[in-house]
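Undergrad: Let me give you the structure first, and then I'll get to my questions.
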Amino acid sequence: MGIRLLSDIREYFDATGNVAASTDEILTNLKGIEEAPWADIRGKELDSRGLSYRLGKYDIKPSSVRIGDKTPKGYRREWFEDAWSRYLPQKSATSATPQQLATAVASCAACQQPHDNPDSLLCADCLTR
């Protein structure tokens with residue numbers, strides 16, 4: 001569940017563009033994710049102590065963060081960067097859909113011409129030479 005938590009928090013920071021968020025703001029967002037377990041973990045909602053405990057395993061600890069003119073306990077995006085780079089796959093700027101991957105055109109390693117067999121490094125012409 002730790003990896004899922006890191007992923008969901010990264011999605012939150014990416015979607016909002018925030019550099020910092022209060023613990024309450026993160027918890028509200030996490031519990032609002034329908035398919036996620038955060039609203040019901042062994043019959044209880046994830047709370048600030050549970051969040052702190054789970055993130056502590058990645059050396060991420062809550063602290064006072066400035067949000068506007070307030071300084072609630074919370075987390076800064078930069079505190080997650082190391083854990084994200086270690087435990088989550090890199091996000092690409094443009095992700096290919098499964099359909100795009102299935103119809104991808106390969107280039108021949110010998111002649112650089114496009115061919116439609118992604119399992120082969122060479123096109124049919126170069127294979128028969």
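Every chain in the structure tokens takes a letter, A first, then B, and so on in the order presented; its residues are numbered from 1, and the ligands are numbered from 1 following the presented order.
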Using only C-alpha atoms, which protein or nucleic acid residues come within 9 Å of segment 38-51 of chain A? Drop anything in the same chain fewer than 4 positions from it, and give the result as a short mmCIF file (atom, residue, chain, number, x, y, z; two decimals) with N, CA, C and O atoms, in the first residue's frame.
TA:
data_model
loop_
_atom_site.label_atom_id
_atom_site.label_comp_id
_atom_site.auth_asym_id
_atom_site.auth_seq_id
_atom_site.Cartn_x
_atom_site.Cartn_y
_atom_site.Cartn_z
N LEU A 5 0.21 4.68 -2.08
CA LEU A 5 0.10 5.97 -1.39
C LEU A 5 1.01 7.01 -2.07
O LEU A 5 0.57 8.13 -2.36
N THR A 23 -1.86 18.44 5.67
CA THR A 23 -2.22 17.03 5.89
C THR A 23 -3.69 16.82 5.62
O THR A 23 -4.07 15.85 4.95
N ASP A 24 -4.54 17.74 6.09
CA ASP A 24 -5.99 17.60 5.88
C ASP A 24 -6.35 17.62 4.40
O ASP A 24 -7.20 16.87 3.95
N LEU A 27 -5.32 14.27 2.90
CA LEU A 27 -6.23 13.22 3.35
C LEU A 27 -7.59 13.32 2.65
O LEU A 27 -8.15 12.29 2.23
N LEU A 30 -7.10 11.97 -0.85
CA LEU A 30 -6.90 10.51 -0.86
C LEU A 30 -8.21 9.77 -0.62
O LEU A 30 -8.51 8.79 -1.31
N LYS A 31 -8.98 10.23 0.33
CA LYS A 31 -10.25 9.55 0.65
C LYS A 31 -11.28 9.73 -0.45
O LYS A 31 -12.23 8.95 -0.55
N GLY A 32 -11.09 10.72 -1.31
CA GLY A 32 -12.01 10.97 -2.41
C GLY A 32 -11.74 10.11 -3.65
O GLY A 32 -12.53 10.12 -4.59
N ILE A 33 -10.66 9.37 -3.64
CA ILE A 33 -10.35 8.49 -4.77
C ILE A 33 -11.16 7.21 -4.60
O ILE A 33 -10.92 6.43 -3.68
N GLU A 34 -12.12 7.02 -5.50
CA GLU A 34 -13.08 5.92 -5.36
C GLU A 34 -12.45 4.54 -5.21
O GLU A 34 -12.81 3.79 -4.32
N LEU A 55 4.14 7.29 5.53
CA LEU A 55 5.14 8.08 4.81
C LEU A 55 6.49 8.08 5.52
O LEU A 55 7.53 8.25 4.89
N GLY A 56 6.48 7.87 6.83
CA GLY A 56 7.72 7.80 7.59
C GLY A 56 8.63 6.68 7.11
O GLY A 56 9.86 6.76 7.23
#
Undergrad: Using only C-alpha atoms, what does the table of segment 3-33 of chain A residues within 7 Å of segment 73-85 of chain A look like, with each row giving the shortest atom pair and its distance in Å to one decimal, sorted by chain and ascending number, as JSON lines?
TA:
{"residue": "A:Leu6", "atom": "CA", "partner": "A:Trp84", "partner_atom": "CA", "distance": 6.8}
{"residue": "A:Phe13", "atom": "CA", "partner": "A:Arg77", "partner_atom": "CA", "distance": 6.8}
{"residue": "A:Val19", "atom": "CA", "partner": "A:Arg77", "partner_atom": "CA", "distance": 5.2}
{"residue": "A:Ala20", "atom": "CA", "partner": "A:Arg76", "partner_atom": "CA", "distance": 4.1}
{"residue": "A:Ala21", "atom": "CA", "partner": "A:Tyr75", "partner_atom": "CA", "distance": 5.6}
{"residue": "A:Ser22", "atom": "CA", "partner": "A:Gly74", "partner_atom": "CA", "distance": 3.9}
{"residue": "A:Thr23", "atom": "CA", "partner": "A:Gly74", "partner_atom": "CA", "distance": 4.4}
Undergrad: Write the selection just made, keeping all heavy atoms, as a compact mmCIF listing (two decimals), in the first residue's frame?
TA:
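The result, written out as out-v1.txt:
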# COMPACT_ATOMS: atom_id res chain seq x y z
N LEU A 6 2.24 6.63 -2.34
CA LEU A 6 3.15 7.55 -3.02
C LEU A 6 2.60 7.96 -4.38
O LEU A 6 2.65 9.13 -4.76
CB LEU A 6 4.53 6.90 -3.20
CG LEU A 6 5.38 6.72 -1.95
CD1 LEU A 6 6.64 5.92 -2.29
CD2 LEU A 6 5.73 8.05 -1.32
N PHE A 13 -0.33 16.10 -6.30
CA PHE A 13 0.55 17.25 -6.52
C PHE A 13 0.61 17.61 -8.01
O PHE A 13 0.64 18.78 -8.36
CB PHE A 13 1.95 16.98 -5.97
CG PHE A 13 2.09 17.27 -4.49
CD1 PHE A 13 2.26 16.25 -3.58
CD2 PHE A 13 2.08 18.57 -4.03
CE1 PHE A 13 2.39 16.52 -2.23
CE2 PHE A 13 2.21 18.86 -2.67
CZ PHE A 13 2.37 17.83 -1.77
N VAL A 19 2.98 23.28 -4.44
CA VAL A 19 4.31 22.91 -3.95
C VAL A 19 4.22 22.42 -2.51
O VAL A 19 5.16 21.81 -2.00
CB VAL A 19 5.32 24.06 -4.08
CG1 VAL A 19 5.57 24.40 -5.53
CG2 VAL A 19 4.88 25.27 -3.30
N ALA A 20 3.10 22.71 -1.85
CA ALA A 20 2.89 22.26 -0.48
C ALA A 20 1.40 22.02 -0.28
O ALA A 20 0.56 22.61 -0.96
CB ALA A 20 3.38 23.31 0.52
N ALA A 21 1.10 21.12 0.67
CA ALA A 21 -0.30 20.84 0.99
C ALA A 21 -0.41 20.47 2.45
O ALA A 21 0.48 19.83 3.01
CB ALA A 21 -0.83 19.69 0.11
N SER A 22 -1.52 20.86 3.05
CA SER A 22 -1.76 20.49 4.45
C SER A 22 -2.09 19.01 4.52
O SER A 22 -2.55 18.40 3.54
CB SER A 22 -2.90 21.31 5.03
OG SER A 22 -4.14 20.91 4.46
N THR A 23 -1.86 18.44 5.67
CA THR A 23 -2.22 17.03 5.89
C THR A 23 -3.69 16.82 5.62
O THR A 23 -4.07 15.85 4.95
CB THR A 23 -1.86 16.62 7.33
OG1 THR A 23 -0.45 16.78 7.52
CG2 THR A 23 -2.25 15.19 7.61
Undergrad: Using Å and a single decimal, report how far atom CA of Gln90 of chain A sits from atom CA of Pro37 of chain A.
TA: 23.3 Å
